[in-house]
Amino acid sequence: MGIKYERNLFVAILCLIILFGAFVVVKTVYGVEDGGIKDARLLYQSYTDSQLKVEKMALQHSNFLKGNQSLASVLSKKTQIETTFSLSLQEVTHTKQRDRLIKFQGQKLLSDGQMLRVVWGGERERVSLNQILYKTFIVVEMIGQVKDEQQLNMNFKKLTELLREAGIQPVINVSLKGVYPAKMDISTQKSFIRSLLNKFNGTVVEGFWGEASASVTGYSGKLSRFVSSKGKKVNIQMNTHLSSNGEETIVFIGFPIIIID
């Protein structure tokens with residue numbers, strides 16, 4: 001299993017679309033309503049307790065919304081989203097995708113230095129009476145540096161409020177990128193990942209151990225949500241590799257998957 005990091009937000013959406021069905025089931029069965037702030041704190045505390053300096057944090061909501069929507073409905077909802085999030089969405093539909101997918105994207109810098117990104121769109125569901133009908137989806141992401149747990153709480157609250165204003169249940173995914181101030185060989189990376197997972201009783205579900213990097217998906221019963229991968233529960237993803245100067249180790253952790261580059 002390898003993990004590829006992309007700067008294009010929509011690429012991250014496509015990765016998450018694979019897991020959307022599981023998200024819907026989990027929300028329905030377990031009634032996730034608070035967006036998982038306890039999960040975010042647990043990851044952050046486990047991360048910083050392991051001598052990791054947090055460089056960047058991403059909070060993200062992603063889900064399908066309604067089906068059987070006309071193009072007019074997709075465009076009308078786009079206008080509402082622009083008003084709620086106070087930004088403009090520009091169409092970024094690829095010409096070759098237009099018959100099956102329409103998407104819009106926008107972003108703005110918030111006063112505290114966080115970047116707010118929104119993607120809205122429709123994926124063709126069926127054609128009826130010569131009209132293409134779409135299943136709509138949205139991704140809202142807040143990403144930037146985080147100084148301490150207080151800022152984590154503030155960012156989480158801000159994103160939760162924005163989602164609720166848009167009429168969306170705020171189920172939020174969390175990713176952290178940080179640095180361990182020492183070079184780790186692959187054996188040490190493997191041990192480090194396992195020790196970090198142990199902090200929240202996590203177990204490795206699947207792992208890839210390269211010569212200088214490691215990628216792992218795991219499961220922890222302490223976290224409130226999970227998705228299914230090959231019939232197994234998964235709700236944590238980790239990646240470690242050496243920094244460009246080879247003197248430090250970069251560590252990514254994501255709940256339920258990594259959504260940060």
# chains A, B, ... in the order shown; residues from 1 in each chain; ligands from 1
>>> closest_atom_pairs(of="segment 115-192 of chain A", to="segment 200-215 of chain A", cutoff="12 Å", atoms="only C-alpha atoms", output="tab-separated table")
residue	atom	partner	partner_atom	distance
A:Lys183	CA	A:Ala212	CA	10.3
A:Met184	CA	A:Ala212	CA	8.5
A:Asp185	CA	A:Ala212	CA	6.5
A:Ile186	CA	A:Ala212	CA	5.4
A:Ser187	CA	A:Trp209	CA	8.9
A:Thr188	CA	A:Ala212	CA	10.3
A:Gln189	CA	A:Ala214	CA	7.0
A:Lys190	CA	A:Ala214	CA	7.0
A:Ser191	CA	A:Ala214	CA	10.6
A:Phe192	CA	A:Ala214	CA	10.4
>>> residues_around(residues="Gln60 of chain A", least_positions_apart="2", cutoff="9 Å", atoms="only C-alpha atoms", output="list of chain:residue names")
A:Ala58, A:Ser62, A:Val139, A:Val140, A:Glu141, A:Met142, A:Ile143, A:Leu159, A:Val171, A:Ile172, A:Asn173, A:Val174, A:Ser175, A:Ile259
>>> write_last_selection(atoms="N, CA, C and O atoms", output="compact mmCIF listing (two decimals), in the first residue's frame")
# COMPACT_ATOMS: atom_id res chain seq x y z
N ALA A 58 -5.14 19.72 8.89
CA ALA A 58 -6.26 19.84 7.97
C ALA A 58 -7.51 19.26 8.63
O ALA A 58 -7.48 18.15 9.15
N SER A 62 -16.44 15.83 4.05
CA SER A 62 -16.69 15.43 2.67
C SER A 62 -17.81 14.40 2.64
O SER A 62 -17.80 13.46 3.43
N VAL A 139 -17.14 19.19 -0.41
CA VAL A 139 -15.96 19.05 0.44
C VAL A 139 -15.62 20.44 0.97
O VAL A 139 -15.54 21.40 0.20
N VAL A 140 -15.48 20.54 2.28
CA VAL A 140 -15.07 21.79 2.92
C VAL A 140 -13.84 21.49 3.75
O VAL A 140 -13.87 20.59 4.60
N GLU A 141 -12.78 22.25 3.52
CA GLU A 141 -11.51 21.97 4.19
C GLU A 141 -10.92 23.24 4.78
O GLU A 141 -10.93 24.29 4.16
N MET A 142 -10.42 23.14 6.01
CA MET A 142 -9.69 24.22 6.65
C MET A 142 -8.29 23.70 6.93
O MET A 142 -8.13 22.69 7.63
N ILE A 143 -7.28 24.37 6.42
CA ILE A 143 -5.93 23.85 6.52
C ILE A 143 -4.93 24.97 6.84
O ILE A 143 -5.07 26.09 6.35
N LEU A 159 -15.23 25.57 11.82
CA LEU A 159 -15.67 24.75 10.69
C LEU A 159 -17.02 24.11 10.97
O LEU A 159 -17.88 24.02 10.09
N VAL A 171 -19.54 16.20 10.22
CA VAL A 171 -18.67 15.06 10.49
C VAL A 171 -17.32 15.39 9.88
O VAL A 171 -17.18 15.48 8.65
N ILE A 172 -16.31 15.59 10.71
CA ILE A 172 -15.05 16.19 10.27
C ILE A 172 -13.89 15.20 10.36
O ILE A 172 -13.69 14.54 11.38
N ASN A 173 -13.13 15.11 9.28
CA ASN A 173 -11.92 14.30 9.22
C ASN A 173 -10.72 15.16 9.64
O ASN A 173 -10.71 16.37 9.41
N VAL A 174 -9.70 14.52 10.21
CA VAL A 174 -8.56 15.26 10.76
C VAL A 174 -7.26 14.67 10.23
O VAL A 174 -7.09 13.45 10.18
N SER A 175 -6.33 15.54 9.83
CA SER A 175 -4.99 15.10 9.46
C SER A 175 -3.95 16.05 10.05
O SER A 175 -4.19 17.26 10.12
N ILE A 259 -5.50 13.33 4.56
CA ILE A 259 -6.08 14.28 3.61
C ILE A 259 -5.22 15.53 3.50
O ILE A 259 -5.70 16.61 3.17
>>> closest_atom_pairs(of="segment 136-174 of chain A", to="segment 83-101 of chain A", cutoff="8 Å", atoms="only C-alpha atoms", output="CSV")
residue,atom,partner,partner_atom,distance
A:Leu162,CA,A:Phe85,CA,6.9
A:Glu165,CA,A:Thr84,CA,6.7
A:Ala166,CA,A:Thr84,CA,6.2
>>> atom_distance(atom1="atom CA of Glu55 of chain A", atom2="atom CA of Asn153 of chain A")
16.4 Å
>>> closest_residue(among="A:Lys56, A:Lys177, A:Arg41, A:Lys135", to="Thr249 of chain A", atoms="only C-alpha atoms")
A:Lys177
>>> select_by_dssp(residues="segment 65-186 of chain A", states="strand (DSSP E or B)", output="MDAnalysis selection string")
chainID A and resid 69 90:91 101:109 115:128 131:144 173:180
>>> closest_residue(among="A:Gly178, A:Gly121, A:Pro256, A:Gly231", to="Ser76 of chain A", atoms="only C-alpha atoms")
A:Gly121
>>> atom_distance(atom1="atom CA of Gly254 of chain A", atom2="atom CA of Tyr219 of chain A")
11.5 Å
>>> residues_around(residues="Ile138 of chain A", least_positions_apart="2", cutoff="6 Å", atoms="only C-alpha atoms", output="ChimeraX atom specification")
/A:62-63,119-120
>>> closest_residue(among="A:Val227, A:Ile253, A:Leu176, A:Leu242", to="Val54 of chain A", atoms="only C-alpha atoms")
A:Leu176
>>> closest_residue(among="A:Thr48, A:Thr136, A:Asn155, A:Ser73", to="Lys103 of chain A", atoms="only C-alpha atoms")
A:Thr136
>>> atom_distance(atom1="atom CA of Ile81 of chain A", atom2="atom CA of Leu116 of chain A")
12.9 Å
>>> select_by_dssp(residues="segment 17-177 of chain A", states="helix (DSSP H, G or I)", output="MDAnalysis selection string")
chainID A and resid 17 20:30 37:48 71:85 95:97 149:165
